[in-house]
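Peer 1: Contents of start.cif (mmCIF, C-alpha atoms) are below:
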```
data_protein
#
loop_
_atom_site.label_atom_id
_atom_site.label_comp_id
_atom_site.auth_asym_id
_atom_site.auth_seq_id
_atom_site.Cartn_x
_atom_site.Cartn_y
_atom_site.Cartn_z
CA MET A 1 -42.00 -44.12 -97.64
CA SER A 2 -41.71 -41.89 -100.71
CA ASP A 3 -38.43 -40.46 -102.01
CA THR A 4 -39.65 -37.05 -100.88
CA ALA A 5 -40.03 -38.31 -97.31
CA ILE A 6 -36.70 -40.13 -97.37
CA TRP A 7 -34.67 -37.26 -98.82
CA SER A 8 -36.00 -34.72 -96.35
CA ASP A 9 -35.22 -31.04 -96.02
CA LEU A 10 -32.09 -30.76 -93.85
CA SER A 11 -32.06 -26.97 -93.49
CA VAL A 12 -30.10 -26.37 -90.30
CA ALA A 13 -32.33 -23.50 -89.20
CA ALA A 14 -35.25 -25.92 -88.84
CA TRP A 15 -33.51 -28.12 -86.27
CA ALA A 16 -30.39 -26.30 -85.05
CA PRO A 17 -30.86 -26.89 -81.28
CA THR A 18 -31.66 -30.58 -81.78
CA LYS A 19 -28.80 -30.99 -84.25
CA LYS A 20 -26.39 -29.62 -81.67
CA SER A 21 -27.65 -32.04 -79.00
CA LEU A 22 -27.49 -34.99 -81.40
CA HIS A 23 -23.97 -34.04 -82.42
CA LEU A 24 -22.80 -33.92 -78.79
CA TYR A 25 -24.40 -37.30 -78.05
CA MET A 26 -22.52 -38.66 -81.08
CA GLN A 27 -19.35 -37.17 -79.60
CA MET A 28 -19.98 -39.13 -76.41
CA LEU A 29 -20.30 -42.39 -78.36
CA GLY A 30 -17.28 -41.47 -80.46
CA LYS A 31 -15.09 -40.89 -77.42
CA LEU A 32 -16.11 -44.29 -76.10
CA ARG A 33 -15.26 -45.84 -79.47
CA VAL A 34 -11.80 -44.30 -79.49
CA ALA A 35 -11.10 -45.35 -75.91
CA LEU A 36 -11.98 -49.03 -76.36
CA SER A 37 -11.41 -49.97 -80.02
CA PRO A 38 -8.11 -51.45 -81.23
CA ALA A 39 -6.29 -49.20 -83.70
CA GLN A 40 -6.83 -49.53 -87.46
CA PRO A 41 -5.26 -47.57 -90.33
CA ASN A 42 -6.69 -44.17 -91.29
CA TRP A 43 -8.59 -43.84 -88.00
CA MET A 44 -11.22 -46.31 -89.20
CA PHE A 45 -11.53 -47.60 -85.64
CA THR A 46 -12.78 -44.21 -84.41
CA ALA A 47 -15.87 -43.88 -86.61
CA LEU A 48 -19.43 -44.74 -85.67
CA LEU A 49 -21.58 -47.14 -87.67
CA MET A 50 -25.16 -47.22 -88.92
CA THR A 51 -27.84 -49.60 -87.69
CA ALA A 52 -31.44 -50.00 -88.82
CA ARG A 53 -32.52 -47.97 -85.79
CA GLY A 54 -29.75 -45.42 -85.39
CA ILE A 55 -26.04 -45.20 -84.68
CA THR A 56 -23.68 -47.53 -82.84
CA THR A 57 -20.08 -47.90 -81.80
CA GLY A 58 -20.23 -51.54 -82.82
CA PRO A 59 -18.85 -54.17 -80.41
CA MET A 60 -15.66 -53.14 -78.59
CA PRO A 61 -13.44 -55.35 -76.41
CA TRP A 62 -13.48 -54.91 -72.65
CA ARG A 63 -11.70 -57.39 -70.36
CA GLU A 64 -12.55 -60.58 -72.27
CA ARG A 65 -16.05 -59.27 -73.01
CA MET A 66 -17.58 -56.99 -75.61
CA VAL A 67 -19.43 -53.74 -74.99
CA GLN A 68 -21.50 -51.74 -77.46
CA ALA A 69 -23.11 -48.31 -77.16
CA SER A 70 -25.91 -47.15 -79.46
CA LEU A 71 -28.41 -44.38 -80.02
CA ASP A 72 -31.90 -45.48 -81.09
CA VAL A 73 -33.59 -42.67 -83.03
CA PHE A 74 -37.03 -44.26 -82.65
CA THR A 75 -37.06 -44.84 -78.89
CA SER A 76 -34.92 -41.74 -78.23
CA GLU A 77 -32.48 -43.44 -75.92
CA LEU A 78 -28.83 -44.32 -75.55
CA SER A 79 -28.08 -47.91 -74.64
CA ILE A 80 -24.99 -49.78 -73.48
CA GLU A 81 -24.99 -53.55 -73.93
CA MET A 82 -22.52 -56.14 -72.67
CA SER A 83 -21.77 -59.55 -74.16
CA ASP A 84 -22.73 -61.13 -70.83
CA GLY A 85 -26.34 -60.01 -71.28
CA ARG A 86 -26.33 -56.94 -69.02
CA SER A 87 -27.41 -53.55 -70.33
CA GLN A 88 -28.16 -49.98 -69.30
CA SER A 89 -30.27 -47.36 -71.06
CA ILE A 90 -30.41 -43.56 -70.91
CA ALA A 91 -33.56 -41.74 -71.98
CA LEU A 92 -33.05 -38.64 -74.12
CA LEU A 93 -36.57 -37.42 -73.39
CA PRO A 94 -37.57 -35.27 -71.72
CA ALA A 95 -34.71 -33.16 -73.07
CA ARG A 96 -32.02 -32.47 -70.48
CA THR A 97 -28.68 -30.73 -70.42
CA VAL A 98 -25.64 -32.22 -72.09
CA ALA A 99 -23.96 -32.41 -68.67
CA GLN A 100 -26.83 -34.56 -67.34
CA ILE A 101 -26.63 -37.00 -70.26
CA TRP A 102 -22.83 -37.16 -69.87
CA ALA A 103 -23.19 -37.95 -66.17
CA GLU A 104 -25.82 -40.62 -66.84
CA LEU A 105 -23.61 -42.21 -69.49
CA HIS A 106 -20.75 -42.48 -67.00
CA ALA A 107 -23.06 -43.86 -64.34
CA ALA A 108 -24.29 -46.51 -66.79
CA LEU A 109 -20.73 -47.49 -67.69
CA GLN A 110 -19.80 -47.73 -64.00
CA ALA A 111 -22.86 -49.91 -63.31
CA LEU A 112 -21.63 -52.31 -65.99
CA GLY A 113 -18.07 -52.32 -64.65
CA VAL A 114 -16.62 -50.36 -67.60
CA ASP A 115 -14.26 -48.10 -65.70
CA ILE A 116 -12.65 -45.71 -68.17
CA VAL A 117 -11.78 -42.02 -68.32
CA LEU A 118 -13.09 -40.01 -71.29
CA SER A 119 -12.10 -36.46 -72.15
CA PRO A 120 -15.15 -34.17 -71.85
CA VAL A 121 -13.89 -31.66 -74.43
CA PRO A 122 -15.76 -31.82 -77.79
CA GLN A 123 -13.69 -32.22 -80.95
CA GLU A 124 -13.80 -30.56 -84.39
CA VAL A 125 -16.52 -28.11 -83.32
CA PRO A 126 -16.26 -24.37 -82.64
CA ASP A 127 -17.93 -24.58 -79.21
CA LEU A 128 -15.53 -26.39 -76.88
CA THR A 129 -17.68 -26.18 -73.75
CA PRO A 130 -16.80 -29.39 -71.84
CA LEU A 131 -19.57 -31.97 -71.91
CA ASP A 132 -19.51 -32.36 -68.15
CA THR A 133 -20.13 -28.64 -67.53
CA ASP A 134 -22.55 -27.84 -70.38
CA ARG A 135 -25.69 -27.03 -68.39
CA ARG A 136 -27.42 -24.93 -71.02
CA PRO A 137 -31.05 -25.91 -71.70
CA GLY A 138 -31.16 -28.95 -73.97
CA ALA A 139 -33.35 -29.68 -77.00
CA TYR A 140 -34.20 -32.98 -78.64
CA ASP A 141 -36.92 -33.29 -81.30
CA PRO A 142 -37.28 -36.97 -82.28
CA ALA A 143 -39.00 -36.12 -85.58
CA ALA A 144 -36.08 -33.92 -86.65
CA VAL A 145 -33.55 -36.61 -85.70
CA GLN A 146 -35.52 -39.20 -87.66
CA ARG A 147 -35.56 -36.95 -90.75
CA TRP A 148 -31.78 -36.67 -90.55
CA PHE A 149 -31.53 -40.43 -90.02
CA HIS A 150 -33.64 -41.19 -93.12
CA VAL A 151 -31.29 -39.05 -95.22
CA VAL A 152 -28.17 -40.67 -93.75
CA THR A 153 -29.71 -44.12 -94.25
CA ALA A 154 -30.50 -43.40 -97.91
CA THR A 155 -27.01 -42.00 -98.43
CA THR A 156 -25.43 -45.05 -96.80
CA ALA A 157 -27.53 -47.38 -98.96
CA ALA A 158 -26.38 -45.57 -102.10
CA PHE A 159 -22.75 -45.72 -100.99
CA ASP A 160 -22.99 -49.42 -100.12
CA GLY A 161 -24.53 -50.39 -103.45
CA TRP A 162 -22.11 -48.28 -105.46
CA ARG A 163 -18.97 -49.72 -103.82
CA SER A 164 -19.96 -53.34 -104.47
CA HIS A 165 -17.75 -53.56 -107.58
CA PHE A 166 -14.64 -52.16 -105.88
CA PHE A 167 -11.99 -54.74 -105.02
CA GLY A 168 -9.85 -52.64 -102.68
CA ARG A 169 -10.34 -51.75 -99.03
CA SER A 170 -13.38 -49.58 -98.43
CA GLY A 171 -15.59 -48.42 -95.60
CA ILE A 172 -18.67 -46.38 -94.72
CA GLN A 173 -18.39 -44.35 -91.54
CA LEU A 174 -20.20 -41.73 -89.52
CA TRP A 175 -17.49 -39.32 -88.42
CA TRP A 176 -18.65 -37.87 -85.14
CA GLY A 177 -16.27 -34.92 -85.27
CA ALA A 178 -18.21 -33.17 -88.04
CA LEU A 179 -21.29 -35.44 -88.10
CA ASP A 180 -20.65 -36.42 -91.73
CA VAL A 181 -21.29 -39.85 -93.21
CA ALA A 182 -18.60 -40.89 -95.69
CA LEU A 183 -17.53 -43.56 -98.15
CA LEU A 184 -13.79 -44.19 -98.39
CA LEU A 185 -12.02 -46.22 -101.07
CA PHE A 186 -8.34 -47.09 -100.75
CA ASN A 187 -6.18 -48.07 -103.73
CA GLY A 188 -3.78 -50.13 -101.61
CA LYS A 189 -0.81 -47.78 -101.90
CA LYS A 190 0.94 -46.05 -99.04
CA VAL A 191 1.79 -42.41 -99.65
CA PRO A 192 3.87 -39.90 -97.65
CA PRO A 193 1.51 -37.95 -95.38
CA PRO A 194 1.61 -34.16 -95.64
CA THR A 195 4.15 -32.52 -93.40
CA ASP A 196 2.15 -29.34 -92.83
CA ARG A 197 -0.82 -31.02 -91.12
CA GLY A 198 -1.47 -31.94 -87.52
CA TYR A 199 -1.51 -35.20 -85.59
CA LEU A 200 -4.85 -36.45 -86.94
CA LEU A 201 -4.09 -35.97 -90.62
CA ARG A 202 -0.61 -37.44 -90.29
CA TYR A 203 -2.27 -40.82 -89.66
CA ASP A 204 -5.21 -40.18 -91.96
CA LEU A 205 -3.59 -39.05 -95.20
CA ASP A 206 -0.97 -41.79 -95.53
CA ALA A 207 -2.79 -43.87 -98.16
CA GLY A 208 -4.11 -43.31 -101.66
CA MET A 209 -7.84 -42.75 -101.22
CA MET A 210 -11.10 -41.39 -102.53
CA ASN A 211 -13.48 -39.88 -99.98
CA VAL A 212 -17.08 -38.84 -100.68
CA GLY A 213 -19.52 -37.87 -97.95
CA LEU A 214 -22.52 -35.88 -96.79
CA TYR A 215 -21.94 -32.90 -94.50
CA PRO A 216 -25.21 -31.92 -92.76
CA GLY A 217 -24.46 -28.21 -92.78
CA ASP A 218 -24.02 -25.62 -90.06
CA ASP A 219 -25.19 -22.13 -89.18
CA ALA A 220 -23.35 -20.63 -92.17
CA THR A 221 -23.43 -23.48 -94.69
CA ALA A 222 -26.23 -25.47 -96.32
CA PRO A 223 -25.87 -29.30 -96.37
CA PHE A 224 -23.72 -30.65 -99.22
CA PHE A 225 -22.00 -33.73 -100.55
CA TYR A 226 -18.21 -33.46 -100.80
CA GLY A 227 -15.57 -35.46 -102.57
CA TYR A 228 -11.80 -35.52 -102.84
CA ILE A 229 -8.89 -37.69 -103.92
CA PHE A 230 -5.62 -37.98 -102.03
CA PRO A 231 -2.99 -37.32 -103.17
CA GLN A 232 -4.83 -34.51 -104.92
CA PRO A 233 -4.48 -34.63 -108.73
CA GLU A 234 -2.80 -31.72 -110.44
CA ASN A 235 -5.20 -29.03 -111.62
CA ALA A 236 -7.99 -30.58 -109.54
CA ALA A 237 -9.93 -27.32 -109.64
CA GLN A 238 -10.13 -27.48 -113.43
CA LEU A 239 -11.17 -31.13 -113.71
CA PRO A 240 -14.77 -31.73 -114.83
CA VAL A 241 -17.24 -33.34 -112.44
CA ALA A 242 -20.86 -34.46 -112.78
CA PRO A 243 -23.82 -34.17 -112.35
CA PRO A 244 -24.92 -30.62 -113.18
CA GLY A 245 -24.64 -28.58 -110.00
CA ALA A 246 -21.39 -30.22 -108.86
CA SER A 247 -18.33 -27.97 -108.79
CA TRP A 248 -14.95 -27.34 -107.22
CA SER A 249 -14.90 -25.42 -103.93
CA ASP A 250 -11.88 -23.16 -103.45
CA ALA A 251 -12.88 -22.76 -99.81
CA ILE A 252 -12.41 -26.41 -98.84
CA LYS A 253 -10.36 -27.62 -101.85
CA GLU A 254 -12.86 -30.38 -102.65
CA TRP A 255 -15.62 -31.08 -105.16
CA VAL A 256 -19.06 -30.33 -103.79
CA LEU A 257 -22.65 -31.12 -104.76
CA PRO A 258 -25.42 -29.27 -102.90
CA TYR A 259 -27.70 -31.61 -100.98
CA GLU A 260 -30.69 -29.73 -102.40
CA THR A 261 -29.57 -30.66 -105.93
CA VAL A 262 -29.74 -34.33 -104.96
CA ARG A 263 -32.90 -34.04 -102.88
CA THR A 264 -34.93 -32.23 -105.56
CA SER A 265 -33.76 -34.33 -108.52
CA ALA A 266 -36.02 -36.86 -110.20
CA ASP A 267 -33.87 -39.73 -108.86
CA PRO A 268 -31.78 -38.69 -105.83
CA THR A 269 -29.87 -41.98 -105.62
CA ALA A 270 -28.94 -41.87 -109.30
CA THR A 271 -27.86 -38.23 -108.95
CA LEU A 272 -25.64 -39.07 -105.99
CA CYS A 273 -24.16 -42.08 -107.80
CA ALA A 274 -23.36 -39.86 -110.80
CA PHE A 275 -21.24 -37.77 -108.42
CA LEU A 276 -19.48 -40.93 -107.20
CA ASP A 277 -18.94 -42.15 -110.78
CA SER A 278 -17.48 -38.81 -111.79
CA ILE A 279 -14.96 -38.63 -108.97
CA TYR A 280 -13.95 -42.27 -109.36
CA ALA A 281 -13.34 -41.61 -113.05
CA LEU A 282 -10.91 -38.90 -111.97
CA CYS A 283 -9.18 -41.42 -109.68
CA VAL A 284 -8.41 -43.37 -112.85
CA SER A 285 -7.76 -40.58 -115.35
CA ALA A 286 -6.06 -37.99 -113.14
CA ALA A 287 -4.73 -39.92 -110.13
CA GLY A 288 -3.51 -43.03 -111.95
CA TRP A 289 -5.63 -45.69 -110.26
CA ASP A 290 -5.72 -49.07 -112.02
CA ARG A 291 -9.44 -49.55 -112.73
CA ALA A 292 -9.04 -53.17 -113.90
CA ALA A 293 -7.00 -54.22 -110.86
CA LEU A 294 -9.48 -52.55 -108.49
CA SER A 295 -12.62 -53.98 -110.10
CA TYR A 296 -14.54 -56.77 -108.39
CA ASP A 297 -16.66 -59.18 -110.39
CA ALA A 298 -19.37 -59.88 -107.84
CA PRO A 299 -20.88 -63.38 -107.75
CA LYS A 300 -24.30 -63.74 -109.29
CA ARG A 301 -27.00 -64.21 -106.67
CA ALA A 302 -30.71 -64.80 -106.86
CA ARG A 303 -32.26 -62.02 -104.87
CA ARG A 304 -35.86 -61.53 -103.92
CA HIS A 305 -37.17 -58.13 -102.92
#
```
Translate the structure described by the file into structure tokens.
Peer 2:
Amino acid sequence: MSDTAIWSDLSVAAWAPTKKSLHLYMQMLGKLRVALSPAQPNWMFTALLMTARGITTGPMPWRERMVQASLDVFTSELSIEMSDGRSQSIALLPARTVAQIWAELHAALQALGVDIVLSPVPQEVPDLTPLDTDRRPGAYDPAAVQRWFHVVTATTAAFDGWRSHFFGRSGIQLWWGALDVALLLFNGKKVPPPTDRGYLLRYDLDAGMMNVGLYPGDDATAPFFYGYIFPQPENAAQLPVAPPGASWSDAIKEWVLPYETVRTSADPTATLCAFLDSIYALCVSAAGWDRAALSYDAPKRARRH
């Protein structure tokens, strides 16, 4: 697959109905993840994970067993698998209402003996129509979902390679609230969380971190990469960032790089990594991170491609 095919056009207008359905299916998996996963700092236990075929909750404990829920973008189905070998699947085609998929997900969980209560109210989205009552006509275009998946896969691969020389705690997550895929680096220091934020951010912003991610856009905003450091360095808006096209956004108080700048560059991965390099350099120069202490000298390995 060529770079052009991998870094596809993500214009929201071209797949808005499917994007909304995909996002709500991710919300379903995310709610299951929150309900069953043991707590970890900075809400890391709530995020979804990438697979070679889509998105998964990863294995979660359930009464001395493990359960995992996934969405396969190539077969267009949700699946729930148990560590005792049992499984259930839910077809996403033909497209049905969100309420129907929600009901089928609960029926599948009940069939496997996973008896839990999940809130049907979506999170971090403007439309709070409960999932169990959303009977509007559904849409699901597998080709559009696969285009999004190729972009997220390429982004994840770039993040994973770039973080290989970082010694501190790090993670790559798909945050189902906003449908963004993100790389987080933690410098190992606790910090006082902000007092003017809500419940979620009180347990999120309590550690020194760098966060860079891809937001897939919405009806009013084109897709973009974002980046920030917490605690925010003084004069963050005036600090220089690379590559050309990256800038500070007063609207969201973060550095941003348009997805189109990355997609149309001669080397999208290198362009994205330049953004990562630039923000990490600010972690050191403006936020006081100890580059030497946080550097990992990876073992040499013979690798065949």
Peer 1: Need to verify the contact set: region 68-82 of chain A, 9 Å, all atoms listed in the file, exclusion of same-chain residues closer than 5 positions in sequence. Can you return it as a PDB file with C-alpha atoms, in the frame of the given file?
Peer 2:
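So around31.pdb came out as:
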```pdb
ATOM      1  CA  TYR A  25     -24.400 -37.300 -78.050  1.00  0.00           C
ATOM      2  CA  MET A  26     -22.520 -38.660 -81.080  1.00  0.00           C
ATOM      3  CA  LEU A  29     -20.300 -42.390 -78.360  1.00  0.00           C
ATOM      4  CA  LEU A  32     -16.110 -44.290 -76.100  1.00  0.00           C
ATOM      5  CA  ARG A  33     -15.260 -45.840 -79.470  1.00  0.00           C
ATOM      6  CA  THR A  51     -27.840 -49.600 -87.690  1.00  0.00           C
ATOM      7  CA  ALA A  52     -31.440 -50.000 -88.820  1.00  0.00           C
ATOM      8  CA  ARG A  53     -32.520 -47.970 -85.790  1.00  0.00           C
ATOM      9  CA  GLY A  54     -29.750 -45.420 -85.390  1.00  0.00           C
ATOM     10  CA  ILE A  55     -26.040 -45.200 -84.680  1.00  0.00           C
ATOM     11  CA  THR A  56     -23.680 -47.530 -82.840  1.00  0.00           C
ATOM     12  CA  THR A  57     -20.080 -47.900 -81.800  1.00  0.00           C
ATOM     13  CA  GLY A  58     -20.230 -51.540 -82.820  1.00  0.00           C
ATOM     14  CA  PRO A  59     -18.850 -54.170 -80.410  1.00  0.00           C
ATOM     15  CA  MET A  60     -15.660 -53.140 -78.590  1.00  0.00           C
ATOM     16  CA  PRO A  61     -13.440 -55.350 -76.410  1.00  0.00           C
ATOM     17  CA  SER A  87     -27.410 -53.550 -70.330  1.00  0.00           C
ATOM     18  CA  GLN A  88     -28.160 -49.980 -69.300  1.00  0.00           C
ATOM     19  CA  SER A  89     -30.270 -47.360 -71.060  1.00  0.00           C
ATOM     20  CA  ILE A  90     -30.410 -43.560 -70.910  1.00  0.00           C
ATOM     21  CA  ALA A  91     -33.560 -41.740 -71.980  1.00  0.00           C
ATOM     22  CA  LEU A  92     -33.050 -38.640 -74.120  1.00  0.00           C
ATOM     23  CA  LEU A  93     -36.570 -37.420 -73.390  1.00  0.00           C
ATOM     24  CA  LEU A 105     -23.610 -42.210 -69.490  1.00  0.00           C
ATOM     25  CA  ALA A 108     -24.290 -46.510 -66.790  1.00  0.00           C
ATOM     26  CA  LEU A 109     -20.730 -47.490 -67.690  1.00  0.00           C
ATOM     27  CA  LEU A 112     -21.630 -52.310 -65.990  1.00  0.00           C
ATOM     28  CA  TYR A 140     -34.200 -32.980 -78.640  1.00  0.00           C
ATOM     29  CA  PRO A 142     -37.280 -36.970 -82.280  1.00  0.00           C
ATOM     30  CA  ALA A 143     -39.000 -36.120 -85.580  1.00  0.00           C
ATOM     31  CA  VAL A 145     -33.550 -36.610 -85.700  1.00  0.00           C
ATOM     32  CA  GLN A 146     -35.520 -39.200 -87.660  1.00  0.00           C
ATOM     33  CA  PHE A 149     -31.530 -40.430 -90.020  1.00  0.00           C
TER      34      PHE A 149
END
```
Peer 1: I'd like a table as a Markdown table: residues in region 15-59 of chain A with an atom no more than 12 Å from region 166-170 of chain A, each row giving the shortest atom pair and its distance in Å to one decimal, only C-alpha atoms counted, sorted by chain and rising residue number.
Peer 2:
```
| residue | atom | partner | partner_atom | distance |
| --- | --- | --- | --- | --- |
| A:Pro41 | CA | A:Arg169 | CA | 10.9 |
| A:Asn42 | CA | A:Ser170 | CA | 11.2 |
| A:Met44 | CA | A:Ser170 | CA | 10.0 |
```
Peer 1: Point out the residue among A:Lys31, A:Arg135, A:Lys189, A:Arg147 with the least atom-to-atom distance to Leu118 (chain A), counting all atoms listed in the file.
Peer 2: A:Lys31
Peer 1: Find the distance between CA of Asp250 (chain A) and CA of Lys19 (chain A) and write it in Å to one decimal.
Peer 2: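 Calculated distance between CA of Asp250 (chain A) and CA of Lys19 (chain A) is 26.8 Å.
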Peer 1: Would you mind listing what lies within 12 Å of Ser249 (chain A) as an NGL selection string, with only C-alpha atoms counted and same-chain residues fewer than 4 positions away left out?
Peer 2: :A and (224-228 or 236-239 or 241 or 245 or 253-258)
Peer 1: Applied to the shown file, which residues does the PyMOL selection byres ((chain A and resi 139) around 10) return, written as a ChimeraX atom specification?
Peer 2: /A:15-22,92-98,136-138,140-142
Peer 1: So which residues touch Pro223 (chain A) within 12 Å, counting all atoms listed in the file, skipping near sequence neighbours fewer than 4 positions away, as JSON, numbers by chain?
Peer 2: {"A": [8, 9, 10, 11, 12, 13, 148, 151, 152, 178, 179, 180, 181, 213, 214, 215, 216, 217, 218, 219, 256, 257, 258, 259, 260, 261, 262, 263]}
Peer 1: With distances taken over only C-alpha atoms, which of A:Tyr296, A:Phe159, A:Phe230, A:Phe275 is nearest to Gly171 (chain A)?
Peer 2: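 Of A:Tyr296, A:Phe159, A:Phe230, A:Phe275, the one nearest Gly171 (chain A), counting only C-alpha atoms, is A:Phe159.
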Peer 1: Can you give me, as number ranges by chain, the residues this file yields under the PyMOL selection byres ((chain A and resi 177) around 10)?
Peer 2: A: 23-24, 26-27, 30-31, 46-47, 122-125, 174-176, 178-180
Peer 1: Since I can't run it myself right now, could you work out what the PyMOL selection byres ((chain A and resi 273) around 12) selects here and report it as a PyMOL selection string?
Peer 2: chain A and resi 154-163+183+212-213+225+242-243+257+262+267-272+274-280
Peer 1: When you count all atoms listed in the file, which of these residues is closest to His150 (chain A): A:Gln40, A:Met50, A:Ala266, A:Ala14?
Peer 2: A:Met50
Peer 1: Could you check how far CA of Arg65 (chain A) sits from CA of Glu104 (chain A), in Å to one decimal?
Peer 2: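 Going from CA of Arg65 (chain A) over to CA of Glu104 (chain A), I get 21.9 Å.
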Peer 1: Pick from A:Pro240, A:Ala35, A:Gln100, A:Leu185: nearest to Val114 (chain A), with only C-alpha atoms counted?
Peer 2: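 Nearest candidate to Val114 (chain A) out of A:Pro240, A:Ala35, A:Gln100, A:Leu185: A:Ala35.
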Peer 1: Could you build a table of the residues in region 199-238 of chain A lying no more than 10 Å from region 282-290 of chain A, giving for each the nearest pair of atoms and their separation in Å rounded to one decimal place, using all atoms listed in the file, ordered by chain and ascending residue number, as JSON lines?
Peer 2:
```
{"residue": "A:Gly208", "atom": "CA", "partner": "A:Trp289", "partner_atom": "CA", "distance": 9.1}
{"residue": "A:Met209", "atom": "CA", "partner": "A:Cys283", "partner_atom": "CA", "distance": 8.7}
{"residue": "A:Met210", "atom": "CA", "partner": "A:Cys283", "partner_atom": "CA", "distance": 7.4}
{"residue": "A:Tyr228", "atom": "CA", "partner": "A:Cys283", "partner_atom": "CA", "distance": 9.4}
{"residue": "A:Ile229", "atom": "CA", "partner": "A:Cys283", "partner_atom": "CA", "distance": 6.9}
{"residue": "A:Phe230", "atom": "CA", "partner": "A:Ala287", "partner_atom": "CA", "distance": 8.4}
{"residue": "A:Pro231", "atom": "CA", "partner": "A:Ala287", "partner_atom": "CA", "distance": 7.6}
{"residue": "A:Gln232", "atom": "CA", "partner": "A:Ala287", "partner_atom": "CA", "distance": 7.5}
{"residue": "A:Pro233", "atom": "CA", "partner": "A:Ala287", "partner_atom": "CA", "distance": 5.5}
{"residue": "A:Glu234", "atom": "CA", "partner": "A:Ala286", "partner_atom": "CA", "distance": 7.6}
{"residue": "A:Asn235", "atom": "CA", "partner": "A:Ala286", "partner_atom": "CA", "distance": 9.1}
{"residue": "A:Ala236", "atom": "CA", "partner": "A:Ala286", "partner_atom": "CA", "distance": 8.5}
```
